[in-house]
>>> print(open('input_8.cif').read())   # mmCIF, C-alpha atoms and all ligand atoms
data_final
#
loop_
_atom_site.group_PDB
_atom_site.id
_atom_site.type_symbol
_atom_site.label_atom_id
_atom_site.label_comp_id
_atom_site.auth_asym_id
_atom_site.auth_seq_id
_atom_site.Cartn_x
_atom_site.Cartn_y
_atom_site.Cartn_z
ATOM 1 C CA MET A 14 -39.756 -21.552 26.705
ATOM 2 C CA GLY A 15 -35.988 -22.117 27.140
ATOM 3 C CA SER A 16 -33.397 -21.700 24.432
ATOM 4 C CA VAL A 17 -33.505 -24.691 22.079
ATOM 5 C CA GLU A 18 -30.101 -23.827 20.680
ATOM 6 C CA ALA A 19 -28.090 -25.163 23.574
ATOM 7 C CA THR A 20 -29.811 -28.550 23.565
ATOM 8 C CA ASN A 21 -29.515 -29.533 19.904
ATOM 9 C CA LYS A 22 -27.658 -32.801 19.461
ATOM 10 C CA ASP A 23 -26.533 -34.689 16.368
ATOM 11 C CA ALA A 24 -27.605 -38.277 15.522
ATOM 12 C CA ASN A 25 -25.016 -39.716 17.965
ATOM 13 C CA GLY A 26 -26.186 -37.560 20.844
ATOM 14 C CA SER A 27 -23.044 -35.422 20.892
ATOM 15 C CA PRO A 28 -23.324 -31.659 20.560
ATOM 16 C CA ALA A 29 -23.966 -30.685 16.957
ATOM 17 C CA GLU A 30 -21.134 -28.889 15.180
ATOM 18 C CA LYS A 31 -23.348 -25.827 14.869
ATOM 19 C CA ASN A 32 -26.513 -24.994 16.735
ATOM 20 C CA PRO A 33 -28.604 -23.418 14.042
ATOM 21 C CA THR A 34 -31.788 -21.475 14.666
ATOM 22 C CA VAL A 35 -34.626 -23.021 12.697
ATOM 23 C CA VAL A 36 -38.115 -21.606 12.229
ATOM 24 C CA PHE A 37 -40.602 -23.938 10.537
ATOM 25 C CA VAL A 38 -42.986 -22.032 8.257
ATOM 26 C CA LEU A 39 -46.208 -23.982 7.854
ATOM 27 C CA GLY A 40 -49.690 -23.436 6.470
ATOM 28 C CA GLY A 41 -51.959 -24.772 3.761
ATOM 29 C CA PRO A 42 -51.073 -24.694 0.059
ATOM 30 C CA GLY A 43 -51.284 -21.079 -1.108
ATOM 31 C CA SER A 44 -51.448 -19.595 2.400
ATOM 32 C CA GLY A 45 -48.514 -17.311 1.505
ATOM 33 C CA LYS A 46 -45.525 -19.098 3.074
ATOM 34 C CA GLY A 47 -43.109 -18.397 0.212
ATOM 35 C CA THR A 48 -44.268 -14.787 -0.158
ATOM 36 C CA GLN A 49 -43.794 -14.017 3.535
ATOM 37 C CA CYS A 50 -40.443 -15.874 3.714
ATOM 38 C CA ALA A 51 -39.101 -13.592 0.965
ATOM 39 C CA ASN A 52 -40.131 -10.586 3.087
ATOM 40 C CA ILE A 53 -38.521 -12.057 6.205
ATOM 41 C CA VAL A 54 -35.243 -12.664 4.340
ATOM 42 C CA ASP A 55 -35.281 -9.043 3.115
ATOM 43 C CA ASN A 56 -35.596 -7.781 6.691
ATOM 44 C CA PHE A 57 -33.848 -10.348 8.888
ATOM 45 C CA LYS A 58 -30.735 -12.459 8.523
ATOM 46 C CA PHE A 59 -32.418 -15.744 7.647
ATOM 47 C CA THR A 60 -31.850 -18.157 4.775
ATOM 48 C CA HIS A 61 -35.108 -19.345 3.194
ATOM 49 C CA LEU A 62 -35.266 -23.044 2.379
ATOM 50 C CA SER A 63 -38.494 -24.151 0.702
ATOM 51 C CA ALA A 64 -38.684 -27.955 0.804
ATOM 52 C CA GLY A 65 -40.969 -27.877 -2.251
ATOM 53 C CA ASP A 66 -38.474 -25.726 -4.197
ATOM 54 C CA LEU A 67 -35.628 -28.087 -3.253
ATOM 55 C CA LEU A 68 -37.664 -31.075 -4.475
ATOM 56 C CA ARG A 69 -38.534 -29.301 -7.739
ATOM 57 C CA ALA A 70 -34.821 -28.458 -8.244
ATOM 58 C CA GLU A 71 -33.999 -32.126 -7.641
ATOM 59 C CA ILE A 72 -36.401 -33.125 -10.452
ATOM 60 C CA LYS A 73 -34.769 -30.599 -12.798
ATOM 61 C CA SER A 74 -31.264 -31.810 -11.911
ATOM 62 C CA GLY A 75 -32.032 -35.207 -13.439
ATOM 63 C CA SER A 76 -31.424 -37.040 -10.156
ATOM 64 C CA GLU A 77 -32.320 -40.718 -9.844
ATOM 65 C CA ASN A 78 -35.162 -39.718 -7.508
ATOM 66 C CA GLY A 79 -36.532 -37.197 -10.005
ATOM 67 C CA THR A 80 -39.335 -39.300 -11.476
ATOM 68 C CA MET A 81 -40.498 -40.514 -8.067
ATOM 69 C CA ILE A 82 -40.565 -36.926 -6.714
ATOM 70 C CA GLN A 83 -42.402 -35.650 -9.791
ATOM 71 C CA ASN A 84 -45.089 -38.322 -9.424
ATOM 72 C CA MET A 85 -45.528 -37.577 -5.723
ATOM 73 C CA ILE A 86 -45.880 -33.825 -6.354
ATOM 74 C CA LYS A 87 -48.428 -34.394 -9.149
ATOM 75 C CA GLU A 88 -50.503 -36.427 -6.699
ATOM 76 C CA GLY A 89 -49.976 -33.998 -3.823
ATOM 77 C CA LYS A 90 -48.324 -36.785 -1.824
ATOM 78 C CA ILE A 91 -45.501 -36.427 0.701
ATOM 79 C CA VAL A 92 -42.033 -37.458 -0.489
ATOM 80 C CA PRO A 93 -40.190 -39.837 1.912
ATOM 81 C CA SER A 94 -38.417 -37.976 4.725
ATOM 82 C CA GLU A 95 -35.035 -39.417 3.847
ATOM 83 C CA VAL A 96 -35.014 -37.635 0.482
ATOM 84 C CA THR A 97 -36.268 -34.269 1.751
ATOM 85 C CA ILE A 98 -34.058 -34.200 4.841
ATOM 86 C CA LYS A 99 -30.912 -34.895 2.785
ATOM 87 C CA LEU A 100 -31.783 -31.964 0.512
ATOM 88 C CA LEU A 101 -32.442 -29.679 3.489
ATOM 89 C CA GLN A 102 -29.187 -30.677 5.226
ATOM 90 C CA LYS A 103 -27.183 -30.067 2.054
ATOM 91 C CA ALA A 104 -28.792 -26.648 1.537
ATOM 92 C CA MET A 105 -28.196 -25.685 5.175
ATOM 93 C CA LYS A 106 -24.534 -26.609 4.934
ATOM 94 C CA GLU A 107 -24.028 -24.812 1.631
ATOM 95 C CA SER A 108 -25.713 -21.613 2.858
ATOM 96 C CA GLY A 109 -22.977 -20.811 5.385
ATOM 97 C CA ASN A 110 -25.724 -19.303 7.565
ATOM 98 C CA ASP A 111 -27.011 -20.507 10.930
ATOM 99 C CA LYS A 112 -30.547 -19.069 10.769
ATOM 100 C CA PHE A 113 -33.100 -20.838 8.610
ATOM 101 C CA LEU A 114 -36.725 -20.522 7.596
ATOM 102 C CA ILE A 115 -37.740 -24.042 6.636
ATOM 103 C CA ASP A 116 -40.849 -23.561 4.496
ATOM 104 C CA GLY A 117 -43.357 -26.384 3.892
ATOM 105 C CA PHE A 118 -41.604 -28.945 6.086
ATOM 106 C CA PRO A 119 -42.262 -31.014 8.225
ATOM 107 C CA ARG A 120 -45.426 -32.085 6.428
ATOM 108 C CA ASN A 121 -46.302 -35.090 8.536
ATOM 109 C CA GLU A 122 -45.398 -36.723 11.831
ATOM 110 C CA GLU A 123 -42.814 -38.968 10.181
ATOM 111 C CA ASN A 124 -41.062 -35.913 8.624
ATOM 112 C CA ARG A 125 -41.042 -34.207 12.008
ATOM 113 C CA ALA A 126 -39.643 -37.102 14.004
ATOM 114 C CA ALA A 127 -37.052 -38.024 11.356
ATOM 115 C CA PHE A 128 -35.757 -34.440 11.067
ATOM 116 C CA GLU A 129 -35.356 -34.168 14.818
ATOM 117 C CA LYS A 130 -33.631 -37.564 15.034
ATOM 118 C CA VAL A 131 -31.256 -37.031 12.114
ATOM 119 C CA THR A 132 -30.308 -33.386 12.744
ATOM 120 C CA GLY A 133 -30.924 -33.027 16.483
ATOM 121 C CA ILE A 134 -32.616 -29.718 15.707
ATOM 122 C CA GLU A 135 -35.823 -28.514 17.325
ATOM 123 C CA PRO A 136 -37.417 -25.379 15.888
ATOM 124 C CA ALA A 137 -37.204 -22.126 17.838
ATOM 125 C CA PHE A 138 -40.857 -21.680 16.888
ATOM 126 C CA VAL A 139 -43.353 -22.434 14.141
ATOM 127 C CA LEU A 140 -45.024 -19.760 12.014
ATOM 128 C CA TYR A 141 -48.462 -21.009 11.009
ATOM 129 C CA PHE A 142 -50.240 -19.116 8.244
ATOM 130 C CA ASP A 143 -53.918 -19.797 8.775
ATOM 131 C CA CYS A 144 -56.078 -19.203 5.696
ATOM 132 C CA PRO A 145 -59.505 -20.462 4.532
ATOM 133 C CA GLU A 146 -59.453 -23.020 1.706
ATOM 134 C CA GLU A 147 -61.530 -20.846 -0.658
ATOM 135 C CA GLU A 148 -58.918 -18.063 -0.438
ATOM 136 C CA MET A 149 -55.995 -20.489 -0.862
ATOM 137 C CA GLU A 150 -57.718 -22.053 -3.875
ATOM 138 C CA ARG A 151 -58.221 -18.623 -5.496
ATOM 139 C CA ARG A 152 -54.546 -17.762 -4.958
ATOM 140 C CA LEU A 153 -53.224 -21.066 -6.312
ATOM 141 C CA LEU A 154 -55.414 -20.956 -9.418
ATOM 142 C CA SER A 155 -54.078 -17.504 -10.272
ATOM 143 C CA ARG A 156 -50.430 -18.082 -9.260
ATOM 144 C CA ASN A 157 -49.279 -18.639 -12.863
ATOM 145 C CA GLN A 158 -45.832 -19.996 -12.060
ATOM 146 C CA GLY A 159 -46.275 -23.068 -14.252
ATOM 147 C CA ARG A 160 -46.424 -25.459 -11.306
ATOM 148 C CA GLU A 161 -47.773 -28.869 -12.295
ATOM 149 C CA ASP A 162 -49.673 -29.116 -9.014
ATOM 150 C CA ASP A 163 -51.562 -25.820 -9.400
ATOM 151 C CA ASN A 164 -54.629 -27.430 -10.973
ATOM 152 C CA ILE A 165 -57.934 -27.950 -9.197
ATOM 153 C CA GLU A 166 -57.609 -31.751 -9.032
ATOM 154 C CA THR A 167 -54.170 -31.693 -7.349
ATOM 155 C CA ILE A 168 -55.070 -28.664 -5.212
ATOM 156 C CA ARG A 169 -57.980 -30.626 -3.626
ATOM 157 C CA LYS A 170 -55.594 -33.528 -2.896
ATOM 158 C CA ARG A 171 -53.077 -31.124 -1.323
ATOM 159 C CA PHE A 172 -55.808 -29.643 0.910
ATOM 160 C CA LYS A 173 -56.748 -33.154 2.088
ATOM 161 C CA VAL A 174 -53.121 -34.058 2.842
ATOM 162 C CA PHE A 175 -52.690 -30.771 4.718
ATOM 163 C CA LEU A 176 -55.715 -31.443 6.940
ATOM 164 C CA GLU A 177 -54.941 -35.111 7.553
ATOM 165 C CA SER A 178 -51.133 -35.099 7.841
ATOM 166 C CA SER A 179 -49.762 -31.571 8.291
ATOM 167 C CA LEU A 180 -52.212 -30.061 10.780
ATOM 168 C CA PRO A 181 -51.305 -32.744 13.361
ATOM 169 C CA VAL A 182 -47.683 -31.530 13.197
ATOM 170 C CA ILE A 183 -48.849 -27.973 13.905
ATOM 171 C CA ASN A 184 -50.955 -29.283 16.812
ATOM 172 C CA TYR A 185 -47.902 -31.159 18.133
ATOM 173 C CA TYR A 186 -45.877 -27.936 18.283
ATOM 174 C CA ASP A 187 -48.845 -25.964 19.600
ATOM 175 C CA ALA A 188 -48.977 -28.305 22.588
ATOM 176 C CA LYS A 189 -45.332 -27.328 23.194
ATOM 177 C CA GLY A 190 -46.200 -23.611 23.045
ATOM 178 C CA LYS A 191 -44.198 -23.110 19.866
ATOM 179 C CA VAL A 192 -46.862 -22.085 17.349
ATOM 180 C CA ARG A 193 -47.339 -18.464 16.263
ATOM 181 C CA LYS A 194 -50.650 -18.604 14.398
ATOM 182 C CA ILE A 195 -51.158 -15.773 11.951
ATOM 183 C CA ASN A 196 -54.325 -14.731 10.150
ATOM 184 C CA ALA A 197 -53.094 -15.067 6.542
ATOM 185 C CA ALA A 198 -56.373 -14.032 4.912
ATOM 186 C CA ARG A 199 -55.270 -10.405 4.666
ATOM 187 C CA SER A 200 -53.110 -8.435 2.264
ATOM 188 C CA VAL A 201 -49.416 -9.372 1.943
ATOM 189 C CA GLU A 202 -48.507 -6.114 3.704
ATOM 190 C CA GLU A 203 -50.904 -6.643 6.606
ATOM 191 C CA VAL A 204 -49.698 -10.207 7.138
ATOM 192 C CA PHE A 205 -46.086 -9.049 7.090
ATOM 193 C CA GLU A 206 -46.779 -6.377 9.725
ATOM 194 C CA THR A 207 -47.773 -9.220 12.065
ATOM 195 C CA VAL A 208 -44.793 -11.351 11.022
ATOM 196 C CA LYS A 209 -42.437 -8.438 11.731
ATOM 197 C CA GLY A 210 -43.864 -8.176 15.226
ATOM 198 C CA ILE A 211 -42.939 -11.795 15.822
ATOM 199 C CA PHE A 212 -39.385 -11.560 14.529
ATOM 200 C CA GLY A 213 -38.812 -8.208 16.176
ATOM 201 C CA SER A 214 -36.680 -5.342 14.983
ATOM 202 C CA LYS A 215 -33.689 -5.917 12.676
ATOM 203 C CA ASN A 216 -31.173 -6.342 15.475
ATOM 204 C CA GLU A 217 -33.340 -8.273 17.877
ATOM 205 C CA LYS A 218 -32.491 -11.940 18.535
ATOM 206 C CA VAL A 219 -35.248 -14.252 17.300
ATOM 207 C CA ILE A 220 -34.903 -16.545 20.308
ATOM 208 C CA SER A 221 -35.708 -13.823 22.823
ATOM 209 C CA VAL A 222 -38.686 -12.767 20.701
ATOM 210 C CA SER A 223 -39.964 -16.344 20.694
ATOM 211 C CA ILE A 224 -39.936 -16.409 24.479
ATOM 212 C CA ALA A 225 -41.886 -13.143 24.608
ATOM 213 C CA CYS A 226 -44.428 -14.484 22.127
ATOM 214 C CA SER A 227 -45.094 -17.746 23.923
ATOM 215 C CA VAL A 228 -47.933 -16.197 25.935
ATOM 216 C CA VAL A 229 -49.987 -15.643 22.770
ATOM 217 C CA SER A 230 -49.351 -18.988 21.115
ATOM 218 C CA HIS A 231 -52.963 -20.112 21.328
ATOM 219 C CA PHE A 232 -54.458 -17.025 19.710
ATOM 220 C CA VAL A 233 -54.570 -15.926 16.103
ATOM 221 C CA ILE A 234 -52.242 -12.942 15.923
ATOM 222 C CA THR A 235 -53.660 -10.151 13.773
HETATM 223 N N1 LIG A 301 -51.723 -12.211 1.509
HETATM 224 C C1 LIG A 301 -51.909 -12.485 0.217
HETATM 225 N N2 LIG A 301 -52.970 -11.980 -0.432
HETATM 226 C C2 LIG A 301 -53.177 -12.270 -1.746
HETATM 227 N N3 LIG A 301 -52.366 -13.058 -2.489
HETATM 228 C C3 LIG A 301 -51.296 -13.585 -1.881
HETATM 229 C C4 LIG A 301 -51.009 -13.339 -0.508
HETATM 230 N N4 LIG A 301 -49.888 -14.002 -0.176
HETATM 231 C C5 LIG A 301 -49.486 -14.635 -1.279
HETATM 232 N N5 LIG A 301 -50.322 -14.394 -2.312
HETATM 233 C C6 LIG A 301 -50.244 -14.933 -3.669
HETATM 234 O O1 LIG A 301 -50.810 -16.248 -3.589
HETATM 235 C C7 LIG A 301 -50.048 -17.169 -4.341
HETATM 236 C C8 LIG A 301 -49.511 -18.241 -3.378
HETATM 237 O O2 LIG A 301 -48.575 -17.651 -2.502
HETATM 238 P P1 LIG A 301 -47.268 -18.440 -2.030
HETATM 239 O O3 LIG A 301 -46.616 -19.035 -3.217
HETATM 240 O O4 LIG A 301 -46.484 -17.512 -1.189
HETATM 241 O O5 LIG A 301 -47.964 -19.555 -1.126
HETATM 242 P P2 LIG A 301 -47.355 -20.863 -0.463
HETATM 243 O O6 LIG A 301 -47.953 -20.977 0.875
HETATM 244 O O7 LIG A 301 -45.871 -20.829 -0.555
HETATM 245 O O8 LIG A 301 -47.945 -21.978 -1.426
HETATM 246 P P3 LIG A 301 -47.394 -23.461 -1.691
HETATM 247 O O9 LIG A 301 -47.637 -24.232 -0.449
HETATM 248 O O10 LIG A 301 -48.256 -23.946 -2.810
HETATM 249 O O11 LIG A 301 -45.955 -23.349 -2.067
HETATM 250 C C9 LIG A 301 -48.964 -16.366 -5.040
HETATM 251 O O12 LIG A 301 -49.398 -16.043 -6.348
HETATM 252 C C10 LIG A 301 -48.835 -15.105 -4.181
HETATM 253 O O13 LIG A 301 -48.428 -13.973 -4.930
HETATM 254 O O1 LIG A 302 -41.433 -31.463 2.721
HETATM 255 C C1 LIG A 302 -42.054 -31.556 1.630
HETATM 256 C C2 LIG A 302 -42.371 -30.443 0.858
HETATM 257 C C3 LIG A 302 -43.057 -30.615 -0.318
HETATM 258 N N1 LIG A 302 -43.393 -31.849 -0.734
HETATM 259 C C4 LIG A 302 -44.093 -32.054 -2.021
HETATM 260 O O2 LIG A 302 -43.981 -30.896 -2.832
HETATM 261 C C5 LIG A 302 -45.271 -30.351 -3.116
HETATM 262 C C6 LIG A 302 -45.219 -28.869 -3.219
HETATM 263 O O3 LIG A 302 -44.767 -28.323 -1.979
HETATM 264 P P1 LIG A 302 -44.915 -26.743 -1.699
HETATM 265 O O4 LIG A 302 -44.544 -26.530 -0.264
HETATM 266 O O5 LIG A 302 -46.335 -26.399 -1.974
HETATM 267 O O6 LIG A 302 -43.981 -26.051 -2.625
HETATM 268 C C7 LIG A 302 -46.178 -30.923 -2.020
HETATM 269 O O7 LIG A 302 -47.536 -30.966 -2.361
HETATM 270 C C8 LIG A 302 -45.586 -32.328 -1.853
HETATM 271 O O8 LIG A 302 -46.010 -33.176 -2.886
HETATM 272 C C9 LIG A 302 -43.082 -32.952 0.021
HETATM 273 O O9 LIG A 302 -43.393 -34.101 -0.342
HETATM 274 N N2 LIG A 302 -42.402 -32.781 1.197
HETATM 275 MG MG MG A 303 -44.460 -22.163 -1.436
#
>>> encode(input="input_8.cif", output="structure tokens", more="lines below")
Ligand SMILES: Nc1ncnc2c1ncn2[C@@H]1O[C@H](COP(=O)(O)OP(=O)(O)OP(=O)(O)O)[C@@H](O)[C@H]1O
Ligand SMILES: O=c1ccn([C@@H]2O[C@H](COP(=O)(O)O)[C@@H](O)[C@H]2O)c(=O)[nH]1
Ligand SMILES: [Mg+2]
Amino acid sequence: MGSVEATNKDANGSPAEKNPTVVFVLGGPGSGKGTQCANIVDNFKFTHLSAGDLLRAEIKSGSENGTMIQNMIKEGKIVPSEVTIKLLQKAMKESGNDKFLIDGFPRNEENRAAFEKVTGIEPAFVLYFDCPEEEMERRLLSRNQGREDDNIETIRKRFKVFLESSLPVINYYDAKGKVRKINAARSVEEVFETVKGIFGSKNEKVISVSIACSVVSHFVIT
């Protein structure tokens, strides 16, 4: 896999102002994306952007899209790309960083294509936390963070949306050799040991690690 950084273009096809490194962090609801992103940030120089957290902050801010977003989240539906991408772009700009973990996005093919078209960014690689539904359900029902979508009715809808809309995005990147599939049905510490192996040591460049990892992209890394 070549470096994606040099080929990123903005919407007009001219070289983007910055060429950020983006890692998409995907997996079913409750697979541990947020938990592992916090660990990655503590160990590597990435900024964590959870699309779900940005949407929840948008509801709280009293924005004109707030009610629409709230209704979509309650139903486990996917918010239109335009809204989510604007929030991600704003957060990227405000961070001052050029290395991002984008957690829980893209969630469907339309999200994926729109992000690439609008930002010109292709991910360096995709972390995919693979976890059985029964385990994810147990985790979500005991998360206790007051999320309106952590109830069994919405959780089932979120599982269905993940299988029907989000897994195809993971398959798209897998066909490009970009997916690092991780067995997430282990302890937080065990999962992070594997994640660390993917990102490499503190001073190692994530791009060179992604090239080294491409040979194992079709296997679950344990
Ligand atoms: N490996 C693990 N083993 C057991 N519990 C875990 C593990 N990873 C995360 N958890 C717990 O499971 C719950 C869900 O984790 P987390 O919020 O990281 O998942 P997520 O993938 O971000 O979910 P969502 O898609 O709903 O945002 C949390 O309460 C977290 O503490
Ligand atoms: O890109 C996105 C990300 C999230 N949503 C909506 O938010 C909820 C919760 O997302 P989490 O990643 O679990 O925090 C999700 O079910 C969607 O309704 C979205 O529409 N687009
Ligand atoms: Mg999360």
>>> resolve_selection(input="input_8.cif", expression="the PyMOL selection byres (((not hetatm)) within 8 of (chain A and resi 303))", output="list of chain:residue names")
A:Pro42, A:Gly43, A:Gly45, A:Lys46, A:Gly47, A:Thr48, A:Ser63, A:Gly65, A:Asp66, A:Asp116, A:Gly117
>>> atom_distance(input="input_8.cif", atom1="atom O13 of ligand LIG 301 (chain A)", atom2="CA of Arg156 in chain A")
6.3 Å
>>> closest_residue(input="input_8.cif", among="A:Gly75, A:Gly89, A:Gly213, A:Pro136", to="ligand LIG 301 (chain A)", atoms="all atoms listed in the file")
A:Gly89
>>> closest_residue(input="input_8.cif", among="A:Pro119, A:Pro33, A:Gly41, A:Gly133", to="ligand LIG 301 (chain A)", atoms="only C-alpha atoms and all ligand atoms")
A:Gly41
>>> residues_near_ligand(input="input_8.cif", ligand="ligand LIG 302 (chain A)", cutoff="10 Å", atoms="all atoms listed in the file", output="PyMOL selection string")
chain A and resi 38-47+63-69+82-94+96-98+100-101+115-121+124-125+153+160-163+167-168+170-172+174-175
>>> closest_residue(input="input_8.cif", among="A:Ser178, A:Ser76, A:Asn196, A:Thr34", to="ligand LIG 301 (chain A)", atoms="all atoms listed in the file")
A:Asn196
